[in-house]
Amino acid sequence: MSPRRSPLAPARPGRVAVVAVWVATALLCGLLVACTPGVTGPQAAAQLFLDDFAAQDFAAAAAHSDRPDEAEGALGEAWDGLQAESLVATTTSTRIDGDSATVGYSYEWHLPRERVWQYTGELHMGRSGEQWSVRWAKSALHPQLGNRQTMQLRSTPAPRARVNEHAGSDVLVPGTVYGIAFDATQNRDVSSAAKALAAALVQFDSSLSAQAIAESVTAVSGPRSVMRLAEDDYELVADRLAAIPGVVVTEQSDLVSTDRAFAPDLVGQVKKAVIGELDGTAGWSVVIVNQYGVDTDVLTETKPMPVPSVSISLDRPIQVAAQNAVGARTEQAMTVVIEASTGAVLAVAQNSAADRDGPVALAGQYPPGSTFKIITSGAAMSSGLALPDTIVPCPGRITIGDRSIPNYNEFALGSVTLATAFARSCNTSFAKLASEMESDALHTAAGRFGIGVDYEVVGMPTFTGSVPPADDLVERTEDGFGQGKVVVSPLGMALAAATVASGRTPVPYLIEGRETVVQGDPAPVSPEVVAGLRDMMRLVITSGTADRIRDQGDVYGKTGEAEVEGGSHSWFVGYRGDLAFATLVVRGGSSDNAVAVTRDMFAALPPGYRDDGA
């Protein structure tokens, strides 16, 4: 048995050292930071709580509080309500008062879509023995949060921008469309359902068939999209669709047309080009929600940032007037109007007969007939071959090479000025001029008027024309009066007229702010050529082939009738003030028919409307 030590006996040297170290360490830890679990200062304890909260270890964070069960649920609820992606949480200042302390915190929440929310608050701390912990309250999440309240993130969509036409009215606006789909698994008689669905929808798409619907929906599992309907159209068939088992209808946000008769194909192209740029930046807020689910306060708010509306160059009064004018024809008819000074496309009108062939006003390929004499005259004047007052022959028929070229009904004028031959549309005069030109003269001249130039216009297809160099004498001769291998679109001829009107070839555009890419850089038309063509084109109206339109102001123009298989195309090209136009009636016969369509368009406008470009 070991002898008992007297309590007054001195300790062994080693034990004294250990005790001294332990006491020093304990004193240091109590004054500064936690050195062992359960022994912390208030700021260090608060930081442990914040670190675990930021790491989404809610149980660990709650363990640093005096009510861990209540705290754990509230911490997770905060993350979920904010849809938080991360949190940076740090302590700021500390105030100690006996066994109580207040530790400041700074939160930087990172929320979806790169949203950042920063604020400060205070944690209330308590000490039990040597251990500090958070005295739990929801103010640990936000200083304004009550114990029966939660925080939730709200998103506020930016209003989708609109699309306006040149005169200022809306063309496309935010709206609702209805997606019509069919789920074959929800109907045992797919064939009958497809017949009923096709019968309901065929009025909106004549190509829709029951067989096509049945084949498409049985090829997939789940709903298969069939069509999207505007709200007005959907209301017409909603009851019929509801009676067909398997039909699935969904509301969808979209841009919808304010007037489906207003350049529908072109507006559809505009929609495709801009719809991805109209949503703007959504706003967001964090709100306080009480125990009944009611929003009671806003903690932070960022307003939505809509993008500006998009403007297109189409001008409603001109577009409507042009559409009504071409719509009165039974043949394929179309008109393009351009603002000569800027290249703004003001109207693209086609009737339903022309629509069947696509966007032919912009990209069709047609022989221009005598309207091409604008180009031939320009080439002749540029080279010095002939000027407006140069005397040229105008026999009723002329033979060049093995080609015999007649005037209309073989009228003959004898020897006249080039201006008169232009105004009366003498084929023989221009055939002879073309035969005396270089092989690429017409090709070069056409480019100076925008024909054959490749314009990549955002929102619309384009083809201006093709005028290949002609080494062959007969081919070049035929090209000179718009037959041969020359083809143009109404867009191309409208650009040619705009070149004469403004003195330079404008670059066409449809959507404001969207740059048109031009392939090639033809030399400009000289002022002398422009002046000569203006005088000659005015004579066409005052004493030539387009006198029908004399009552519509100071119109300048050139008529044309292009021979094609089965008839002839009727053309009228020109300008009034700043409005350059090209009208084509396919197989319309006499050019007077195209003049009549153009006159109807101008007659429907207020006198002098936009002649000055305003």
# chains A, B, ... in the order shown; residues from 1 in each chain; ligands from 1

$ residues_around --residues "range 243-253 of chain A" --least-positions-apart "5" --cutoff "6 Å" --atoms "only C-alpha atoms" --output "JSON, numbers by chain"
{"A": [175, 176, 177, 178, 179, 180, 181, 182, 183, 186, 187]}

$ write_last_selection --atoms "N, CA and C atoms" --output "compact mmCIF listing (two decimals), in the first residue's frame"
# COMPACT_ATOMS: atom_id res chain seq x y z
N GLY A 175 -49.07 39.03 -76.21
CA GLY A 175 -50.40 38.44 -76.12
C GLY A 175 -50.33 36.96 -75.82
N THR A 176 -51.44 36.31 -76.02
CA THR A 176 -51.57 34.89 -75.71
C THR A 176 -51.97 34.13 -76.95
N VAL A 177 -51.31 33.02 -77.17
CA VAL A 177 -51.74 32.07 -78.20
C VAL A 177 -52.03 30.75 -77.50
N TYR A 178 -52.72 29.88 -78.20
CA TYR A 178 -53.11 28.60 -77.63
C TYR A 178 -52.48 27.47 -78.43
N GLY A 179 -51.67 26.69 -77.73
CA GLY A 179 -51.06 25.53 -78.37
C GLY A 179 -52.03 24.37 -78.34
N ILE A 180 -52.30 23.80 -79.51
CA ILE A 180 -53.22 22.67 -79.63
C ILE A 180 -52.38 21.42 -79.89
N ALA A 181 -52.46 20.48 -79.00
CA ALA A 181 -51.71 19.23 -79.14
C ALA A 181 -52.68 18.06 -78.97
N PHE A 182 -52.23 16.88 -79.35
CA PHE A 182 -53.06 15.68 -79.22
C PHE A 182 -52.22 14.56 -78.61
N ASP A 183 -52.79 13.91 -77.59
CA ASP A 183 -52.13 12.80 -76.90
C ASP A 183 -52.85 11.51 -77.26
N GLN A 186 -54.45 9.03 -74.77
CA GLN A 186 -55.66 9.38 -74.04
C GLN A 186 -56.93 9.16 -74.85
N ASN A 187 -56.80 8.50 -75.99
CA ASN A 187 -57.98 8.25 -76.83
C ASN A 187 -57.79 6.92 -77.55

$ residues_around --residues "Pro506 in chain A" --least-positions-apart "4" --cutoff "9 Å" --atoms "only C-alpha atoms" --output "count of residues only"
11

$ closest_residue --among "A:Thr428, A:Thr258, A:Ser65, A:Thr417" --to "Met536 in chain A" --atoms "only C-alpha atoms"
A:Thr417

$ residues_around --residues "Val294 in chain A" --least-positions-apart "3" --cutoff "12 Å" --atoms "only C-alpha atoms" --output "list of chain:residue names"
A:Arg148, A:Gln149, A:Thr150, A:Met151, A:Gln152, A:Val287, A:Ile288, A:Val289, A:Asn290, A:Gln291, A:Asp297, A:Val298

$ atom_distance --atom1 "CA of Tyr455 in chain A" --atom2 "CA of Pro508 in chain A"
7.5 Å

$ closest_residue --among "A:Thr542, A:Thr399, A:Gln131, A:Asn147" --to "Asp99 in chain A" --atoms "only C-alpha atoms"
A:Gln131

$ select_by_dssp --residues "range 114-334 of chain A" --states "alpha helix (DSSP H)" --output "JSON, numbers by chain"
{"A": [190, 191, 192, 193, 194, 195, 196, 197, 198, 199, 200, 201, 210, 211, 212, 213, 214, 215, 216, 217, 231, 232, 233, 234, 235, 236, 237, 238, 239, 240, 241, 242, 264, 265, 266, 267, 268, 269, 270, 271, 272, 273, 274, 316, 317, 318, 319, 320, 321, 322, 323, 324, 325, 326, 327]}

$ residues_around --residues "Ser543 in chain A" --least-positions-apart "6" --cutoff "9 Å" --atoms "only C-alpha atoms" --output "JSON, numbers by chain"
{"A": [420, 423, 424]}

$ write_last_selection --atoms "N, CA and C atoms" --output "mmCIF file, in the first residue's frame"
data_model
loop_
_atom_site.group_PDB
_atom_site.id
_atom_site.type_symbol
_atom_site.label_atom_id
_atom_site.label_comp_id
_atom_site.auth_asym_id
_atom_site.auth_seq_id
_atom_site.Cartn_x
_atom_site.Cartn_y
_atom_site.Cartn_z
ATOM 1 N N THR A 420 -37.994 61.421 -126.052
ATOM 2 C CA THR A 420 -39.275 61.052 -126.649
ATOM 3 C C THR A 420 -39.377 59.542 -126.835
ATOM 4 N N ALA A 423 -40.220 58.177 -123.465
ATOM 5 C CA ALA A 423 -41.591 58.458 -123.041
ATOM 6 C C ALA A 423 -42.603 57.614 -123.807
ATOM 7 N N ARG A 424 -42.334 57.357 -125.077
ATOM 8 C CA ARG A 424 -43.269 56.566 -125.907
ATOM 9 C C ARG A 424 -42.912 55.091 -125.910
#

$ decode --residues "range 299-343 of chain A" --atoms "C-alpha atoms" --output "PDB file, in the first residue's frame"
ATOM      1  CA  LEU A 299     -37.129  43.953 -48.092  1.00  0.00           C
ATOM      2  CA  THR A 300     -35.452  44.767 -51.396  1.00  0.00           C
ATOM      3  CA  GLU A 301     -36.672  45.450 -54.911  1.00  0.00           C
ATOM      4  CA  THR A 302     -35.108  45.853 -58.342  1.00  0.00           C
ATOM      5  CA  LYS A 303     -37.494  47.114 -60.991  1.00  0.00           C
ATOM      6  CA  PRO A 304     -37.746  45.260 -64.324  1.00  0.00           C
ATOM      7  CA  MET A 305     -35.898  46.823 -67.238  1.00  0.00           C
ATOM      8  CA  PRO A 306     -37.903  46.545 -70.453  1.00  0.00           C
ATOM      9  CA  VAL A 307     -36.110  46.975 -73.755  1.00  0.00           C
ATOM     10  CA  PRO A 308     -37.297  49.711 -76.120  1.00  0.00           C
ATOM     11  CA  SER A 309     -39.949  48.801 -78.647  1.00  0.00           C
ATOM     12  CA  VAL A 310     -38.751  47.817 -82.094  1.00  0.00           C
ATOM     13  CA  SER A 311     -39.723  49.989 -85.043  1.00  0.00           C
ATOM     14  CA  ILE A 312     -40.077  48.717 -88.557  1.00  0.00           C
ATOM     15  CA  SER A 313     -40.068  50.863 -91.643  1.00  0.00           C
ATOM     16  CA  LEU A 314     -43.453  49.767 -93.003  1.00  0.00           C
ATOM     17  CA  ASP A 315     -45.831  52.720 -93.049  1.00  0.00           C
ATOM     18  CA  ARG A 316     -49.411  51.714 -92.220  1.00  0.00           C
ATOM     19  CA  PRO A 317     -51.282  54.179 -94.491  1.00  0.00           C
ATOM     20  CA  ILE A 318     -49.065  53.313 -97.459  1.00  0.00           C
ATOM     21  CA  GLN A 319     -49.104  49.575 -96.739  1.00  0.00           C
ATOM     22  CA  VAL A 320     -52.903  49.537 -96.419  1.00  0.00           C
ATOM     23  CA  ALA A 321     -53.349  51.613 -99.578  1.00  0.00           C
ATOM     24  CA  ALA A 322     -50.982  49.374-101.530  1.00  0.00           C
ATOM     25  CA  GLN A 323     -52.584  46.199-100.180  1.00  0.00           C
ATOM     26  CA  ASN A 324     -56.059  47.356-101.132  1.00  0.00           C
ATOM     27  CA  ALA A 325     -54.851  48.335-104.599  1.00  0.00           C
ATOM     28  CA  VAL A 326     -53.249  44.963-105.405  1.00  0.00           C
ATOM     29  CA  GLY A 327     -56.099  43.121-103.691  1.00  0.00           C
ATOM     30  CA  ALA A 328     -58.529  44.411-106.305  1.00  0.00           C
ATOM     31  CA  ARG A 329     -56.777  42.405-109.042  1.00  0.00           C
ATOM     32  CA  THR A 330     -57.530  38.775-109.848  1.00  0.00           C
ATOM     33  CA  GLU A 331     -54.079  38.228-111.404  1.00  0.00           C
ATOM     34  CA  GLN A 332     -51.008  38.021-109.227  1.00  0.00           C
ATOM     35  CA  ALA A 333     -50.295  41.629-108.282  1.00  0.00           C
ATOM     36  CA  MET A 334     -47.699  43.248-106.052  1.00  0.00           C
ATOM     37  CA  THR A 335     -46.230  46.620-105.118  1.00  0.00           C
ATOM     38  CA  VAL A 336     -43.090  47.669-103.273  1.00  0.00           C
ATOM     39  CA  VAL A 337     -42.659  51.224-101.977  1.00  0.00           C
ATOM     40  CA  ILE A 338     -39.318  52.568-100.701  1.00  0.00           C
ATOM     41  CA  GLU A 339     -38.441  55.876 -99.105  1.00  0.00           C
ATOM     42  CA  ALA A 340     -35.935  57.071-101.678  1.00  0.00           C
ATOM     43  CA  SER A 341     -33.878  59.220 -99.331  1.00  0.00           C
ATOM     44  CA  THR A 342     -33.317  56.519 -96.692  1.00  0.00           C
ATOM     45  CA  GLY A 343     -34.012  53.086 -98.187  1.00  0.00           C
TER      46      GLY A 343
END
